[in-house]
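Q: Next comes the structure file structure.txt, holding compact mmCIF, C-alpha atoms.
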```txt
# COMPACT_ATOMS: atom_id res chain seq x y z
CA MET A 267 101.28 85.79 104.63
CA PHE A 268 102.68 82.26 104.48
CA ARG A 269 106.42 82.20 105.14
CA LEU A 270 107.36 79.16 103.09
CA SER A 271 111.11 79.41 103.65
CA GLN A 272 110.66 79.84 107.40
CA TYR A 273 108.50 76.72 107.69
CA MET A 274 110.74 74.78 105.31
CA GLN A 275 113.48 75.33 107.87
CA GLN A 276 111.42 73.36 110.40
CA LEU A 277 112.03 70.28 108.25
CA VAL A 278 115.78 70.91 108.28
CA THR A 279 116.21 72.05 111.89
CA PRO A 280 113.04 71.58 113.99
CA THR A 281 112.45 74.02 116.85
CA PRO A 282 109.92 74.21 119.72
CA VAL A 283 106.44 75.38 118.81
CA PRO A 284 105.65 79.00 119.78
CA ALA A 285 102.47 80.11 121.50
CA ARG A 286 99.46 80.14 119.22
CA ARG A 287 98.79 83.48 117.57
CA GLY A 288 95.92 85.40 119.08
CA LYS A 289 96.89 85.01 122.71
CA GLY A 290 97.42 88.28 124.55
CA PRO A 291 96.95 91.85 123.22
CA VAL A 292 95.85 92.28 119.61
CA ARG A 293 98.88 93.96 118.01
CA PRO A 294 98.57 93.68 114.25
CA VAL A 295 100.90 94.29 111.37
CA ILE A 296 99.48 97.56 110.02
CA ILE A 297 99.37 98.18 106.28
CA TRP A 298 98.85 101.91 105.80
CA ASN A 299 97.73 103.04 102.36
CA MET A 300 99.15 106.54 102.51
CA THR A 301 97.78 107.85 99.22
CA ARG A 302 95.73 106.67 96.27
CA THR A 303 97.87 108.64 93.83
CA CYS A 304 100.07 106.42 91.66
CA ASN A 305 102.07 106.87 88.46
CA LEU A 306 101.00 103.40 87.23
CA LYS A 307 97.57 101.88 86.50
CA CYS A 308 97.85 98.19 87.38
CA ARG A 309 95.20 95.73 86.24
CA HIS A 310 94.89 94.18 89.70
CA CYS A 311 95.14 97.35 91.83
CA TYR A 312 92.88 96.85 94.85
CA THR A 313 92.78 100.59 95.64
CA VAL A 314 91.90 101.65 92.05
CA SER A 315 94.68 104.22 92.17
CA ALA A 316 95.49 106.69 89.40
CA ASP A 317 97.94 109.44 88.50
CA LYS A 318 95.95 112.30 90.01
CA PRO A 319 95.27 113.76 93.47
CA PHE A 320 92.35 112.40 95.49
CA PRO A 321 90.37 114.54 97.96
CA GLY A 322 89.83 113.52 101.57
CA GLU A 323 93.19 111.91 102.26
CA LEU A 324 94.66 112.37 105.73
CA SER A 325 96.25 115.74 106.36
CA HIS A 326 99.80 115.88 107.64
CA GLU A 327 98.54 116.59 111.15
CA GLN A 328 96.05 113.71 111.05
CA ALA A 329 98.72 111.33 109.73
CA MET A 330 101.21 112.28 112.43
CA ALA A 331 98.60 111.92 115.18
CA THR A 332 97.72 108.47 113.85
CA LEU A 333 101.38 107.52 113.79
CA ALA A 334 101.87 108.65 117.38
CA ASP A 335 98.93 106.47 118.43
CA ILE A 336 100.31 103.47 116.53
CA GLY A 337 103.59 104.00 118.34
CA THR A 338 101.90 103.36 121.70
CA MET A 339 100.68 99.89 120.68
CA GLY A 340 103.95 98.01 120.20
CA VAL A 341 102.85 96.67 116.82
CA PRO A 342 105.21 94.16 115.19
CA ALA A 343 105.41 95.98 111.86
CA LEU A 344 104.22 99.00 109.89
CA ILE A 345 104.07 98.77 106.10
CA LEU A 346 103.79 102.06 104.20
CA SER A 347 101.87 101.43 100.99
CA GLY A 348 99.70 103.19 98.43
CA GLY A 349 98.85 103.86 95.60
CA GLU A 350 102.47 104.74 95.33
CA PRO A 351 103.50 105.92 98.81
CA LEU A 352 106.43 107.93 97.45
CA GLU A 353 103.86 110.17 95.75
CA ARG A 354 102.60 111.42 99.11
CA PHE A 355 103.80 114.97 99.84
CA ASP A 356 105.03 114.24 103.37
CA PHE A 357 106.11 110.61 102.93
CA PHE A 358 109.61 111.09 104.28
CA GLN A 359 108.46 113.11 107.29
CA ILE A 360 106.07 110.32 108.24
CA ALA A 361 108.68 107.60 107.60
CA GLU A 362 111.32 109.40 109.69
CA ALA A 363 108.87 109.77 112.57
CA ALA A 364 107.78 106.12 112.26
CA ARG A 365 111.26 104.64 112.43
CA PRO A 366 111.79 104.93 116.22
CA LEU A 367 108.16 104.02 116.97
CA VAL A 368 107.92 100.56 115.37
CA ARG A 369 110.09 97.46 115.46
CA TYR A 370 109.88 96.77 111.72
CA LEU A 371 109.32 99.41 109.06
CA ALA A 372 108.67 98.38 105.45
CA LEU A 373 107.92 100.15 102.19
CA SER A 374 105.63 98.63 99.54
CA THR A 375 106.25 100.39 96.22
CA ASN A 376 106.20 99.94 92.46
CA GLY A 377 109.89 100.82 92.51
CA THR A 378 109.82 103.23 89.60
CA LYS A 379 110.64 106.26 91.76
CA ILE A 380 113.50 104.68 93.69
CA THR A 381 116.54 106.41 92.29
CA GLY A 382 119.25 108.85 93.35
CA GLU A 383 118.43 111.04 96.34
CA THR A 384 115.16 109.20 96.98
CA THR A 385 117.08 105.96 97.52
CA ASP A 386 119.56 107.77 99.77
CA ARG A 387 116.73 108.99 101.98
CA ILE A 388 115.17 105.51 102.17
CA ALA A 389 118.56 104.14 103.24
CA ASP A 390 119.15 106.94 105.76
CA ILE A 391 115.79 106.36 107.46
CA GLY A 392 116.67 102.69 107.93
CA PHE A 393 113.77 100.82 106.38
CA ASP A 394 113.98 97.15 107.29
CA TYR A 395 112.60 96.09 103.92
CA VAL A 396 111.53 97.48 100.55
CA GLY A 397 109.08 95.38 98.52
CA ILE A 398 108.96 96.20 94.81
CA SER A 399 106.08 94.92 92.68
CA ILE A 400 106.93 93.32 89.33
CA ASP A 401 104.37 91.24 87.44
CA GLY A 402 106.39 89.71 84.64
CA ILE A 403 109.43 90.31 82.50
CA GLY A 404 109.69 93.33 80.22
CA LYS A 405 106.55 94.03 78.20
CA THR A 406 104.46 91.62 80.27
CA ASN A 407 105.04 93.72 83.38
CA ASP A 408 104.47 96.95 81.44
CA TRP A 409 101.12 95.63 80.16
CA PHE A 410 100.04 94.64 83.68
CA ARG A 411 101.15 97.95 85.12
CA GLY A 412 99.78 100.10 82.32
CA VAL A 413 102.95 102.09 81.54
CA ASP A 414 105.74 101.38 79.06
CA GLY A 415 109.14 101.20 80.71
CA ALA A 416 107.75 100.27 84.15
CA PHE A 417 109.79 97.05 84.19
CA ASP A 418 113.11 98.75 83.51
CA THR A 419 112.57 101.46 86.12
CA ALA A 420 111.44 98.90 88.73
CA VAL A 421 114.58 96.82 88.15
CA ARG A 422 116.60 100.01 88.46
CA GLY A 423 114.93 100.52 91.83
CA VAL A 424 115.99 97.02 92.91
CA ARG A 425 119.59 97.77 91.95
CA GLU A 426 119.57 101.14 93.69
CA CYS A 427 118.39 99.50 96.91
CA LYS A 428 120.96 96.71 96.68
CA SER A 429 123.76 99.22 96.08
CA ARG A 430 122.93 100.88 99.41
CA GLY A 431 122.54 97.71 101.44
CA ILE A 432 118.75 97.91 101.69
CA LYS A 433 116.97 94.54 101.99
CA VAL A 434 114.75 94.29 98.91
CA GLY A 435 112.14 91.86 97.64
CA LEU A 436 110.08 91.31 94.50
CA ARG A 437 106.29 91.03 94.75
CA PHE A 438 104.54 89.09 91.96
CA THR A 439 100.77 88.63 91.54
CA ILE A 440 100.16 85.43 89.59
CA THR A 441 97.38 85.21 86.99
CA GLU A 442 96.70 83.18 83.86
CA ASP A 443 98.34 85.94 81.84
CA ASN A 444 101.73 85.97 83.56
CA GLY A 445 102.05 82.69 85.47
CA HIS A 446 104.30 81.20 82.79
CA GLN A 447 106.95 83.79 83.68
CA LEU A 448 107.37 82.72 87.31
CA PRO A 449 110.66 80.86 86.53
CA ASP A 450 111.98 84.02 84.85
CA LEU A 451 111.07 86.11 87.90
CA LEU A 452 112.93 83.71 90.17
CA GLN A 453 115.92 83.89 87.84
CA LEU A 454 115.75 87.69 88.01
CA CYS A 455 115.89 87.41 91.80
CA ALA A 456 119.02 85.25 91.55
CA ASP A 457 120.66 87.56 89.01
CA GLU A 458 120.01 90.70 91.05
CA GLY A 459 120.69 89.27 94.50
CA VAL A 460 117.11 89.89 95.64
CA ASP A 461 116.59 88.95 99.30
CA LYS A 462 112.93 87.94 99.23
CA PHE A 463 110.37 86.74 96.70
CA TYR A 464 106.67 87.24 97.46
CA LEU A 465 104.07 85.48 95.34
CA SER A 466 100.65 87.04 95.76
CA HIS A 467 97.47 85.30 94.67
CA LEU A 468 94.84 87.52 93.06
CA VAL A 469 92.27 89.04 95.41
CA TYR A 470 88.91 90.16 94.06
CA ALA A 471 89.05 93.79 95.15
CA GLY A 472 89.24 97.01 93.14
CA ARG A 473 90.49 96.36 89.60
CA GLY A 474 91.45 92.89 90.81
CA ASP A 475 87.72 92.16 91.07
CA LYS A 476 87.00 93.45 87.57
CA ASN A 477 89.78 91.19 86.24
CA ARG A 478 89.01 88.14 88.38
CA GLY A 479 88.27 86.12 85.24
CA SER A 480 92.04 86.04 84.64
CA ASP A 481 92.78 84.52 88.05
CA ALA A 482 95.26 81.65 87.85
CA ASP A 483 93.75 78.27 87.12
CA HIS A 484 94.10 75.79 89.98
CA SER A 485 96.54 73.67 87.97
CA ARG A 486 98.74 76.71 87.32
CA THR A 487 98.66 77.62 90.99
CA ARG A 488 99.73 74.11 91.98
CA ALA A 489 102.59 74.19 89.45
CA ALA A 490 103.70 77.55 90.88
CA LEU A 491 103.74 76.15 94.42
CA ASP A 492 105.67 73.10 93.27
CA LEU A 493 108.35 75.37 91.84
CA LEU A 494 108.48 77.60 94.93
CA ILE A 495 108.71 74.60 97.26
CA ASP A 496 111.57 73.17 95.19
CA ARG A 497 113.43 76.49 95.34
CA ALA A 498 112.81 76.90 99.07
CA TRP A 499 114.06 73.36 99.75
CA ALA A 500 117.20 73.96 97.67
CA SER A 501 117.87 77.24 99.45
CA ALA A 502 117.34 75.67 102.90
CA ASN A 503 119.92 73.02 102.05
CA GLY A 504 122.48 75.36 100.53
CA GLU A 505 121.93 73.91 97.07
CA GLY A 506 120.61 77.04 95.37
CA PRO A 507 120.50 80.83 95.68
CA GLU A 508 119.73 82.01 99.20
CA ILE A 509 116.30 83.60 99.08
CA ASP A 510 113.37 84.04 101.45
CA ILE A 511 110.18 82.83 99.74
CA VAL A 512 106.76 83.87 101.01
CA THR A 513 103.26 83.77 99.56
CA GLY A 514 100.18 85.81 100.31
CA ASN A 515 96.41 85.87 99.92
CA ASN A 516 95.91 82.12 99.64
CA ASP A 517 96.54 80.34 102.93
CA ALA A 518 95.82 77.00 101.25
CA ASP A 519 99.50 77.26 100.29
CA ALA A 520 100.34 76.15 103.85
CA VAL A 521 98.13 73.07 103.49
CA TYR A 522 99.66 72.22 100.11
CA PHE A 523 103.13 72.50 101.65
CA LEU A 524 102.16 70.39 104.65
CA ARG A 525 100.86 67.64 102.37
CA TRP A 526 104.14 67.82 100.40
CA ALA A 527 105.99 67.27 103.66
CA GLU A 528 103.70 64.38 104.66
CA ASP A 529 104.83 62.49 101.54
CA ARG A 530 108.55 62.98 102.23
CA PHE A 531 109.39 63.20 105.94
CA ASP A 532 108.97 61.12 109.04
CA ALA A 533 105.96 61.47 111.30
CA ASP A 534 107.77 63.41 114.03
CA LYS A 535 108.99 66.15 111.66
CA VAL A 536 105.59 66.41 110.01
CA ALA A 537 103.83 66.63 113.40
CA ASN A 538 106.20 69.39 114.49
CA LEU A 539 105.64 71.26 111.22
CA ARG A 540 101.87 70.99 111.57
CA ASP A 541 102.04 72.26 115.16
CA HIS A 542 104.01 75.28 113.95
CA LEU A 543 101.46 75.94 111.21
CA VAL A 544 98.53 75.62 113.63
CA ALA A 545 100.27 78.08 115.98
CA TRP A 546 100.52 80.47 113.03
CA GLY A 547 96.84 79.89 112.27
CA GLY A 548 96.57 80.90 108.63
CA ASN A 549 94.51 83.85 107.49
CA SER A 550 95.04 86.81 109.78
CA SER A 551 92.48 89.38 108.63
CA GLY A 552 91.18 91.30 111.62
CA LEU A 553 93.66 89.70 113.99
CA GLY A 554 97.30 89.84 112.91
CA VAL A 555 96.71 92.26 110.03
CA ALA A 556 95.00 95.65 109.96
CA ASN A 557 94.57 98.31 107.32
CA ILE A 558 94.31 102.09 107.40
CA ASP A 559 93.21 103.37 104.00
CA THR A 560 93.99 106.67 102.33
CA GLN A 561 90.90 108.32 103.83
CA GLY A 562 91.76 107.17 107.35
CA LYS A 563 89.20 104.37 107.43
CA VAL A 564 90.20 101.19 109.27
CA HIS A 565 89.52 97.75 107.75
CA PRO A 566 90.21 94.11 108.72
CA ASP A 567 92.82 94.02 105.92
CA THR A 568 93.66 95.92 102.74
CA TYR A 569 90.97 94.19 100.65
CA TRP A 570 87.97 94.73 102.93
CA SER A 571 87.12 98.22 101.69
CA ASP A 572 83.37 97.52 101.99
CA TYR A 573 83.63 96.99 105.73
CA THR A 574 84.84 99.88 107.88
CA ILE A 575 85.51 99.61 111.60
CA GLY A 576 85.79 103.37 111.97
CA SER A 577 87.99 106.29 110.97
CA VAL A 578 91.18 107.59 112.56
CA LYS A 579 89.89 111.06 111.73
CA ASP A 580 87.34 110.56 114.51
CA THR A 581 88.72 107.81 116.79
CA LYS A 582 92.22 106.57 117.57
CA PHE A 583 93.27 103.44 115.72
CA SER A 584 94.17 101.75 119.01
CA THR A 585 90.64 102.33 120.29
CA LEU A 586 89.02 101.01 117.12
CA TRP A 587 91.21 97.89 116.96
CA THR A 588 90.75 96.91 120.59
CA GLY A 589 87.05 97.78 120.74
CA ASP A 590 84.01 95.56 120.38
CA ASP A 591 83.51 95.62 116.61
CA PRO A 592 81.33 92.58 115.76
CA MET A 593 83.12 91.70 112.52
CA LEU A 594 86.52 91.72 114.18
CA ALA A 595 85.12 89.46 116.88
CA GLN A 596 83.99 86.96 114.23
CA LEU A 597 87.29 87.08 112.34
CA ARG A 598 89.19 86.44 115.58
CA ARG A 599 87.18 83.32 116.40
CA ARG A 600 88.99 79.99 116.10
CA PRO A 601 87.51 78.17 114.40
CA ARG A 602 85.72 80.77 112.32
CA PRO A 603 82.07 80.12 111.31
CA LEU A 604 83.06 78.73 107.91
CA LYS A 605 80.72 77.06 105.42
CA GLY A 606 81.00 74.72 102.42
CA ARG A 607 84.36 73.07 101.76
CA CYS A 608 86.13 75.48 104.10
CA GLY A 609 83.84 74.54 106.97
CA ALA A 610 84.29 70.81 106.35
CA CYS A 611 88.06 70.98 105.69
CA THR A 612 90.27 68.94 108.02
CA TYR A 613 93.03 71.56 107.69
CA LYS A 614 91.08 74.67 108.64
CA ASP A 615 93.18 74.99 111.80
CA VAL A 616 96.17 75.45 109.47
CA CYS A 617 94.80 77.91 106.91
CA GLY A 618 92.17 79.65 109.06
CA GLY A 619 89.59 79.54 106.28
CA ASN A 620 91.77 81.25 103.68
CA THR A 621 90.91 84.65 102.16
CA ARG A 622 87.40 85.62 103.15
CA ILE A 623 87.06 88.55 100.75
CA ARG A 624 86.94 86.28 97.67
CA ALA A 625 84.00 84.38 99.11
CA LEU A 626 82.37 87.68 100.02
CA GLN A 627 82.77 89.13 96.53
CA LEU A 628 81.29 86.07 94.83
CA THR A 629 78.44 85.29 97.22
CA GLY A 630 77.89 88.23 99.56
CA ASP A 631 78.71 85.88 102.45
CA PRO A 632 82.17 86.22 104.07
CA TRP A 633 81.91 82.70 105.55
CA ALA A 634 81.32 80.82 102.31
CA GLU A 635 84.13 78.70 100.89
CA ASP A 636 87.07 80.40 99.21
CA PRO A 637 86.89 79.58 95.48
CA ALA A 638 90.67 79.94 95.13
CA CYS A 639 91.41 76.86 97.28
CA TYR A 640 93.11 74.62 94.74
CA LEU A 641 93.25 71.39 96.76
CA ASP A 642 90.73 68.72 95.83
CA GLY A 643 88.28 67.11 98.22
CA ALA A 644 90.39 64.04 98.90
CA GLU A 645 93.36 66.23 99.85
CA ILE A 646 91.42 68.16 102.49
CA GLY A 647 89.19 65.32 103.72
CA VAL A 648 86.02 66.59 102.06
CA ALA A 649 83.72 64.72 99.67
CA ASP A 650 83.43 67.21 96.79
CA ALA A 651 80.42 65.34 95.45
CA ASP A 652 78.44 66.44 98.49
CA LEU A 653 79.31 70.12 98.12
CA ASP A 654 78.87 72.64 95.32
CA ARG A 655 82.13 74.28 94.21
CA LEU A 656 82.19 78.05 93.73
CA THR A 657 83.48 79.05 90.30
CA VAL A 658 85.27 82.27 89.50
CA THR A 659 83.54 84.24 86.76
CA PRO A 660 84.57 87.56 85.18
CA PHE A 661 83.26 90.69 86.87
CA ARG A 662 80.20 91.91 84.98
CA GLY A 663 78.94 94.77 87.07
CA LYS A 664 78.47 95.83 90.65
CA SER A 665 79.59 93.25 93.23
CA HIS A 666 77.13 91.86 95.76
CA ASP A 667 76.20 94.43 98.36
CA PRO A 668 77.49 92.60 101.41
CA ALA A 669 76.35 94.99 104.12
CA HIS A 670 73.47 92.84 105.41
CA ARG A 671 75.45 89.60 105.18
CA PHE A 672 78.55 90.48 107.20
CA LEU A 673 77.46 89.04 110.53
```
Write out the structure in this file as structure tokens.
A:
Amino acid sequence: MFRLSQYMQQLVTPTPVPARRGKGPVRPVIIWNMTRTCNLKCRHCYTVSADKPFPGELSHEQAMATLADIGTMGVPALILSGGEPLERFDFFQIAEAARPLVRYLALSTNGTKITGETTDRIADIGFDYVGISIDGIGKTNDWFRGVDGAFDTAVRGVRECKSRGIKVGLRFTITEDNGHQLPDLLQLCADEGVDKFYLSHLVYAGRGDKNRGSDADHSRTRAALDLLIDRAWASANGEGPEIDIVTGNNDADAVYFLRWAEDRFDADKVANLRDHLVAWGGNSSGLGVANIDTQGKVHPDTYWSDYTIGSVKDTKFSTLWTGDDPMLAQLRRRPRPLKGRCGACTYKDVCGGNTRIRALQLTGDPWAEDPACYLDGAEIGVADADLDRLTVTPFRGKSHDPAHRFL
């Protein structure tokens, strides 16, 4: 996750650079997919969820044992996700038990079930943040999410949270089909007093892989970042609505922002900003982010379903995450063993090689270049003429079997 507003603040009020991420114990933000059951059927769902029960999900006892283990690690955050996590039969029991065990507790939801008593319970537990996914205005969102009325009920969920003082954000996955509505989404945030806006780039996993042909064109992505940067700058200077803007799943956003700053600020401020971004380190799969899926399998992040470190049904999460898994060791290397444009990029210490799963899905090699990097060769210090560019094509069958290419 790239915290645009946070790093924009470094240009307004510079601060000392923190220690580089990755020093000390590996304590990740854990995204826990609690169930695959969901009342919507989104076109880009990476878990391929559906409105039905799925066998093999963690029992209540297994979930509580996993939570107790997580509580011993001092992780910075636990995000309860799905499917739709509110569909899980013991969601509130798990959430209540999690609250005293973690510093930051968040809920990632489609928002359609946040109403009345459900909202009261979310407020009573004391969630630090509720992220609600909306992928366009009105019918556009309903088409993306596969259910008529999904937009109206999600907005209702935003209002219910705001009425109870719960910090709430909108999560928007940009594609060619909905990118034109980004200004409208930002206006919705302003109208509803939304605290955070999260723009997610499409990741080629689950139904997102089958629909990768609709991924945002590079020019649309750049226009979206231009708009977000303008809004973040206005907010940082008190000239627009106060909102926290973040992006996810394309760490090239940090490079694009840094180059924006290079054109507008003095060398000292830019150097300080770059030092902060290098300390952050970009893509955090396998290091600052971990995933537990609905079956209890542990992955480097939520999109790496083809690579499993182990299962919490058999081994504690803390043991798996601090063990000697070879893929985790590679992901935690700095620099990573990147190839193509990513390997030659002069900003790889900022973005960390971007989102490895897209390269993996297109080539079977997790270290190939990320095809969603939208900066040209001159911008990243690479001669494009000397390197073949990966192109995103629609999914037309089974993805590459990556098992033999992971390491």
Q: What's the separation between CA of Thr441 (chain A) and CA of Arg497 (chain A), in Å to one decimal place?
A: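 Going from CA of Thr441 (chain A) over to CA of Arg497 (chain A) covers 20.1 Å.
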Q: For the atom pair CA of Pro592 (chain A) and CA of Ala518 (chain A), what is the interatomic distance in Å to one decimal place?
A: 25.8 Å
Q: Tell me which of A:Ala329, A:Leu371, A:Val396, A:Asp636 sits closest to Ser577 (chain A), counting only C-alpha atoms.
A: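 The answer is A:Ala329, which sits nearest to Ser577 (chain A).
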Q: Let me have the centre and edge lengths in Å, one decimal, of the box along x, y and z around every listed atom of region 441-460 of chain A with 6 Å of margin on each side, as JSON.
A:
```
{"center_x": 108.7, "center_y": 85.8, "center_z": 88.7, "size_x": 36.0, "size_y": 21.8, "size_z": 25.8}
```
Q: Find the residue from A:Trp499, A:Gln561, A:Asp418, A:Gly619 that sits nearest to Pro321 (chain A); use all atoms listed in the file when measuring.
A: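 The shortest atom-to-atom distance to Pro321 (chain A) comes from A:Gln561.
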Q: Which polymer residues have any atom within 9 Å of an atom of Thr574 (chain A), counting all atoms listed in the file, with same-chain residues fewer than 4 positions away left out, as a list in words?
A: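 Those residues are Lys563, Val564, His565, Pro566 and Trp570 of chain A.
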Q: Point out the residue among A:Glu383, A:Glu458, A:Glu508, A:Glu323 with the least atom-to-atom distance to Ile558 (chain A), counting only C-alpha atoms.
A: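 The answer is A:Glu323, which sits nearest to Ile558 (chain A).
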Q: Using all atoms listed in the file, find the one residue out of A:Lys307, A:Arg365, A:His467, A:Lys405 that sits nearest to Arg624 (chain A).
A: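 Checking each of A:Lys307, A:Arg365, A:His467, A:Lys405 against Arg624 (chain A), counting all atoms listed in the file, the winner is A:His467.
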Q: Excluding same-chain residues fewer than 5 positions from region 427-433 of chain A, what lies within 8 Å of it counting all atoms listed in the file, as number ranges by chain?
A: A: 380, 385-386, 389, 393-396, 459-461
Q: Would you mind exporting C-alpha atoms of the selected residues as an mmCIF file, in the coordinates of the input?
A:
```
data_model
loop_
_atom_site.group_PDB
_atom_site.id
_atom_site.type_symbol
_atom_site.label_atom_id
_atom_site.label_comp_id
_atom_site.auth_asym_id
_atom_site.auth_seq_id
_atom_site.Cartn_x
_atom_site.Cartn_y
_atom_site.Cartn_z
ATOM 1 C CA ILE A 380 113.500 104.680 93.690
ATOM 2 C CA THR A 385 117.080 105.960 97.520
ATOM 3 C CA ASP A 386 119.560 107.770 99.770
ATOM 4 C CA ALA A 389 118.560 104.140 103.240
ATOM 5 C CA PHE A 393 113.770 100.820 106.380
ATOM 6 C CA ASP A 394 113.980 97.150 107.290
ATOM 7 C CA TYR A 395 112.600 96.090 103.920
ATOM 8 C CA VAL A 396 111.530 97.480 100.550
ATOM 9 C CA GLY A 459 120.690 89.270 94.500
ATOM 10 C CA VAL A 460 117.110 89.890 95.640
ATOM 11 C CA ASP A 461 116.590 88.950 99.300
#
```
Q: Which polymer residues, whether protein, DNA or RNA, lie within 12 Å of the coordinate (93.5, 87.4, 97.2) when you count all atoms listed in the file? List them as a count of residues only, using the chain letters and numbers from the file.
A: 44
Q: Find the distance between CA of Arg525 (chain A) and CA of Asp642 (chain A) and write it in Å to one decimal.
A: 12.1 Å
Q: I need the residue nearest Ala610 (chain A) from this list: A:Thr378, A:Val421, A:Ile646, A:Ala285. Use all atoms listed in the file for the distance.
A: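 The closest residue to Ala610 (chain A) is A:Ile646.
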Q: Distance cut-off 7 Å, centre (109.8, 89.6, 96.7) in file coordinates, counting only C-alpha atoms: which residues qualify? Return them as JSON, numbers by chain.
A: {"A": [397, 398, 435, 436, 437, 462, 463, 464]}
Q: Which residue gives the smallest distance to Ala533 (chain A) among A:Leu277, A:Phe410, A:Lys605, A:Cys617, with all atoms listed in the file counted?
A: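 Smallest separation from Ala533 (chain A) among the options: A:Leu277.
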